[in-house]
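Student: Below you will find the structure I want to go over with you.
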Amino acid sequence: MEPTFLTLGWIGIYAPLVLGAMGSMIGCSRGGMAAAGALLEVEGGYGRFIGVSAMPSSQTIYGIVVTLTLNVPLTLANSPGIFALGVGSGLALLVSGFTQGSACAAAINASKSKPEVFGISLAPAAVIEGFAVFAFVFALVLAGSLPE
Amino acid sequence: MAAYYFLVSSLPYLPHFEKAEWLPITRKQLDSRLKLLEAEDRAQLAGSEELLNWQNHPAQHTTSEISQQFHHTMKSISHPALRGFVEYRMDLRTVVGGLRHRTAGFLPGEGEPWGVGRWIRKIESRWDAPDFGLSAVFPWINEAHILVEKQEALGLERFLMNLVWHHLARISDSRPFGFEQVFAFFYRWDILSRWLSYDADAATGRFQDLIEEVTRDHQQLFPG
């Protein structure tokens, strides 16, 4: 029983980082491809499209911070909690990375032909970022109440 | 799937065909972008265009031959949204063809078949009803009937183009960054291209304006 619990604890420690990074990879890939496509259609302002496509990178940073916070000596008492916090927050970061990538791609697609909507078209991506921040912050808050 | 993010973003914005003054992308450029489609999707799109583009059908092409081609094309298209669109376009042509035939005094069941698709029997059974009893399925049929009766060819063409344009807009919105958005763009571009080709006078006028603009700039650069 003990090895199983400790293994779950290790999964919980690594999950936020690996799931967040997976979300960032796919999100940045979607945004990046949309940006590259838009470059064929616009005459300037290339940098801002590439910049927007990198928005889903933040999920990896949140994942690193949660992983470092959960990285405490594992015991039978704290392993289940670490697993729950790590996998839960990791899944939230993964999904937010996917969806933020799609939102960024849509923003790039809209603003390439209508540059004046560039700012407002990023609002959905910012809202998704907000939800990722909720998952991140509450993982940190709850990590403080894990048993020794 | 992933390549659609690149492809969709590389396509320009298409204004409504009645408001557009020129094609935002040439056919050659469009074909070049469509090479990014997966081979199977590209083949299905080409097959649907072969059927739906009326210019591909010689004048002596009979309805039976078109019907055969329709069934052959439907067998080769596996994408549900594209199948739905091809059926929609063929249904639309059949219904409008029925309205035109009836106005011309044609009676169904006389020799050569006059239409293609699943609504033929229903239309023939309600031949004398203004809407063929199909206004619940095709809410636009009464308006099309009026335009056919008044023999307003251009008005009818504009009306049908609008119908297809909005239908394609719904398809495009149904799945962003997917094949739906690409083929919807392709067929909306086709509508726009046809509409602009109708207005040859306006195109000639714009060409003259451009020549004058260039000549004027040239004169300013090299006075005398």
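Order determines the names: the first chain of the structure tokens is A, the second B, and so forth; residues in each chain are numbered 1 upward, and ligands are numbered 1 upward as they are shown.
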When you get a sec, could you note down which chain B residues fall within 9 Å of chain A, using only C-alpha atoms, as a PyMOL selection string?

Tutor: chain B and resi 2-13+176-177

Student: Need the shell around segment 69-75 of chain A: protein/DNA/RNA residues with any atom at most 7 Å away, counting only C-alpha atoms. Skip same-chain ones fewer than 4 positions apart. Format as number ranges by chain?

Tutor: A: 6, 9, 13, 65, 79, 82, 140, 143

Student: Just the residues within 9 Å of segment 33-35 of chain B, please, counting only C-alpha atoms, with nothing from its chain fewer than 2 positions along; format it as a list in words.

Tutor: Leu7, Ser10, Leu11, Lys28, Gln29, Leu30, Asp31, Leu37, Glu38, Ala39, Arg42 and Val182 of chain B

Student: Okay, now the selection with all heavy atoms, as an mmCIF file, in the first residue's frame?

Tutor:
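What follows is the written file selection18.cif:
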data_model
loop_
_atom_site.group_PDB
_atom_site.id
_atom_site.type_symbol
_atom_site.label_atom_id
_atom_site.label_comp_id
_atom_site.auth_asym_id
_atom_site.auth_seq_id
_atom_site.Cartn_x
_atom_site.Cartn_y
_atom_site.Cartn_z
ATOM 1 N N LEU B 7 -3.704 27.305 -42.526
ATOM 2 C CA LEU B 7 -4.440 27.521 -43.776
ATOM 3 C C LEU B 7 -5.554 28.559 -43.610
ATOM 4 O O LEU B 7 -5.660 29.503 -44.401
ATOM 5 C CB LEU B 7 -5.010 26.172 -44.257
ATOM 6 C CG LEU B 7 -5.912 26.193 -45.480
ATOM 7 C CD1 LEU B 7 -5.227 26.876 -46.651
ATOM 8 C CD2 LEU B 7 -6.304 24.773 -45.869
ATOM 9 N N SER B 10 -4.349 32.014 -43.304
ATOM 10 C CA SER B 10 -3.696 32.569 -44.503
ATOM 11 C C SER B 10 -4.715 33.021 -45.552
ATOM 12 O O SER B 10 -4.341 33.588 -46.572
ATOM 13 C CB SER B 10 -2.755 31.529 -45.117
ATOM 14 O OG SER B 10 -3.497 30.517 -45.752
ATOM 15 N N LEU B 11 -6.009 32.748 -45.288
ATOM 16 C CA LEU B 11 -7.042 33.158 -46.251
ATOM 17 C C LEU B 11 -7.538 34.557 -45.908
ATOM 18 O O LEU B 11 -7.749 34.862 -44.727
ATOM 19 C CB LEU B 11 -8.214 32.171 -46.223
ATOM 20 C CG LEU B 11 -7.857 30.732 -46.606
ATOM 21 C CD1 LEU B 11 -9.039 29.794 -46.348
ATOM 22 C CD2 LEU B 11 -7.428 30.643 -48.059
ATOM 23 N N LYS B 28 -5.523 31.417 -58.655
ATOM 24 C CA LYS B 28 -4.205 30.775 -58.606
ATOM 25 C C LYS B 28 -3.665 30.760 -57.170
ATOM 26 O O LYS B 28 -3.143 29.741 -56.693
ATOM 27 C CB LYS B 28 -3.245 31.536 -59.531
ATOM 28 C CG LYS B 28 -1.997 30.775 -59.867
ATOM 29 C CD LYS B 28 -1.167 31.550 -60.861
ATOM 30 C CE LYS B 28 0.183 30.881 -61.031
ATOM 31 N NZ LYS B 28 1.083 31.653 -61.870
ATOM 32 N N GLN B 29 -3.803 31.919 -56.480
ATOM 33 C CA GLN B 29 -3.329 31.990 -55.096
ATOM 34 C C GLN B 29 -4.128 31.041 -54.197
ATOM 35 O O GLN B 29 -3.575 30.378 -53.322
ATOM 36 C CB GLN B 29 -3.476 33.414 -54.561
ATOM 37 C CG GLN B 29 -2.471 34.398 -55.127
ATOM 38 C CD GLN B 29 -2.786 35.816 -54.691
ATOM 39 O OE1 GLN B 29 -3.947 36.234 -54.707
ATOM 40 N NE2 GLN B 29 -1.761 36.553 -54.326
ATOM 41 N N LEU B 30 -5.452 31.007 -54.453
ATOM 42 C CA LEU B 30 -6.315 30.143 -53.641
ATOM 43 C C LEU B 30 -5.920 28.675 -53.819
ATOM 44 O O LEU B 30 -5.800 27.922 -52.846
ATOM 45 C CB LEU B 30 -7.781 30.370 -54.033
ATOM 46 C CG LEU B 30 -8.827 29.574 -53.261
ATOM 47 C CD1 LEU B 30 -8.738 29.828 -51.756
ATOM 48 C CD2 LEU B 30 -10.235 29.931 -53.747
ATOM 49 N N ASP B 31 -5.703 28.280 -55.072
ATOM 50 C CA ASP B 31 -5.291 26.896 -55.340
ATOM 51 C C ASP B 31 -3.976 26.579 -54.638
ATOM 52 O O ASP B 31 -3.790 25.479 -54.114
ATOM 53 C CB ASP B 31 -5.147 26.655 -56.850
ATOM 54 C CG ASP B 31 -6.497 26.525 -57.519
ATOM 55 O OD1 ASP B 31 -7.489 26.266 -56.802
ATOM 56 O OD2 ASP B 31 -6.578 26.692 -58.751
ATOM 57 N N LEU B 37 -4.132 21.479 -47.870
ATOM 58 C CA LEU B 37 -5.130 20.508 -47.410
ATOM 59 C C LEU B 37 -4.551 19.107 -47.504
ATOM 60 O O LEU B 37 -3.700 18.829 -48.354
ATOM 61 C CB LEU B 37 -6.378 20.565 -48.298
ATOM 62 C CG LEU B 37 -7.373 21.689 -48.079
ATOM 63 C CD1 LEU B 37 -8.417 21.651 -49.189
ATOM 64 C CD2 LEU B 37 -8.069 21.546 -46.739
ATOM 65 N N GLU B 38 -5.058 18.216 -46.649
ATOM 66 C CA GLU B 38 -4.653 16.820 -46.784
ATOM 67 C C GLU B 38 -5.180 16.302 -48.115
ATOM 68 O O GLU B 38 -6.230 16.759 -48.599
ATOM 69 C CB GLU B 38 -5.239 16.006 -45.632
ATOM 70 C CG GLU B 38 -4.518 16.299 -44.319
ATOM 71 C CD GLU B 38 -5.228 15.733 -43.100
ATOM 72 O OE1 GLU B 38 -6.069 14.841 -43.289
ATOM 73 O OE2 GLU B 38 -4.933 16.204 -42.000
ATOM 74 N N ALA B 39 -4.449 15.329 -48.681
ATOM 75 C CA ALA B 39 -4.766 14.864 -50.043
ATOM 76 C C ALA B 39 -6.222 14.407 -50.164
ATOM 77 O O ALA B 39 -6.905 14.712 -51.158
ATOM 78 C CB ALA B 39 -3.824 13.732 -50.417
ATOM 79 N N ARG B 42 -8.558 17.387 -50.187
ATOM 80 C CA ARG B 42 -8.422 18.132 -51.450
ATOM 81 C C ARG B 42 -9.166 17.406 -52.573
ATOM 82 O O ARG B 42 -9.843 18.030 -53.387
ATOM 83 C CB ARG B 42 -6.940 18.267 -51.789
ATOM 84 C CG ARG B 42 -6.643 19.420 -52.703
ATOM 85 C CD ARG B 42 -5.185 19.802 -52.732
ATOM 86 N NE ARG B 42 -4.330 18.745 -53.201
ATOM 87 C CZ ARG B 42 -3.262 18.298 -52.555
ATOM 88 N NH1 ARG B 42 -2.935 18.805 -51.399
ATOM 89 N NH2 ARG B 42 -2.523 17.336 -53.051
ATOM 90 N N VAL B 182 -12.712 25.881 -44.460
ATOM 91 C CA VAL B 182 -11.967 25.996 -45.715
ATOM 92 C C VAL B 182 -12.892 25.820 -46.921
ATOM 93 O O VAL B 182 -12.876 26.633 -47.860
ATOM 94 C CB VAL B 182 -10.814 24.964 -45.763
ATOM 95 C CG1 VAL B 182 -10.112 25.012 -47.107
ATOM 96 C CG2 VAL B 182 -9.825 25.215 -44.646
#

Student: Counting only C-alpha atoms, which of A:Leu76, A:Ala139, A:Ile120, A:Leu146 gets nearest to Gly63 of chain A?

Tutor: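 Among the listed residues, A:Ala139 lies closest to Gly63 of chain A.
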
Student: Show me, as number ranges by chain, the residues that have an atom within 12 Å of segment 113-129 of chain B when counting only C-alpha atoms, minus same-chain residues fewer than 2 positions from it.

Tutor: B: 62-71, 74, 86-103, 105-111, 131-135, 137-138, 141-142, 145

Student: How many Å lie between atom CA of Leu19 of chain A and atom CA of Phe83 of chain A, rounded to one decimal?

Tutor: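 Value for the atom CA of Leu19 of chain A-atom CA of Phe83 of chain A distance: 13.2 Å.
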
Student: Find the spatial neighbours of Leu192 of chain B, counting only C-alpha atoms, within a cut-off of 10 Å - ignore same-chain residues fewer than 6 positions away - and output them as number ranges by chain.

Tutor: B: 14-24, 161, 165, 186

Student: Could you give me, as a list of chain:residue names, the residues within 8 Å of Ala132 of chain A, counting only C-alpha atoms and dropping anything in the same chain fewer than 3 positions from it?

Tutor: A:Gln59, A:Ala92, A:Leu93, A:Ser96, A:Ile128, A:Glu129, A:Ala135, A:Phe136

Student: What is the distance, in Å and to one decimal place, between atom CA of Ala15 of chain A and atom CA of Ser89 of chain A?

Tutor: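 These atoms are spaced 8.2 Å apart.
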
Student: Could you check how far atom CA of Glu2 of chain A sits from atom CA of Gly88 of chain A, in Å to one decimal?

Tutor: 21.9 Å

Student: Give me the residues within 12 Å of Ala126 of chain A as a ChimeraX atom specification, counting only C-alpha atoms and dropping any in the same chain fewer than 6 places off.

Tutor: /A:52,55-56,58,96-97,99-101,103-104,107,119-120,132-133

Student: Name the closest residue to Gly44 of chain A among the candidates A:Val18, A:Trp10, A:Pro124, A:Pro115; distances are taken between atoms, counting only C-alpha atoms.

Tutor: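 Selected residue with least distance to Gly44 of chain A: A:Pro115.
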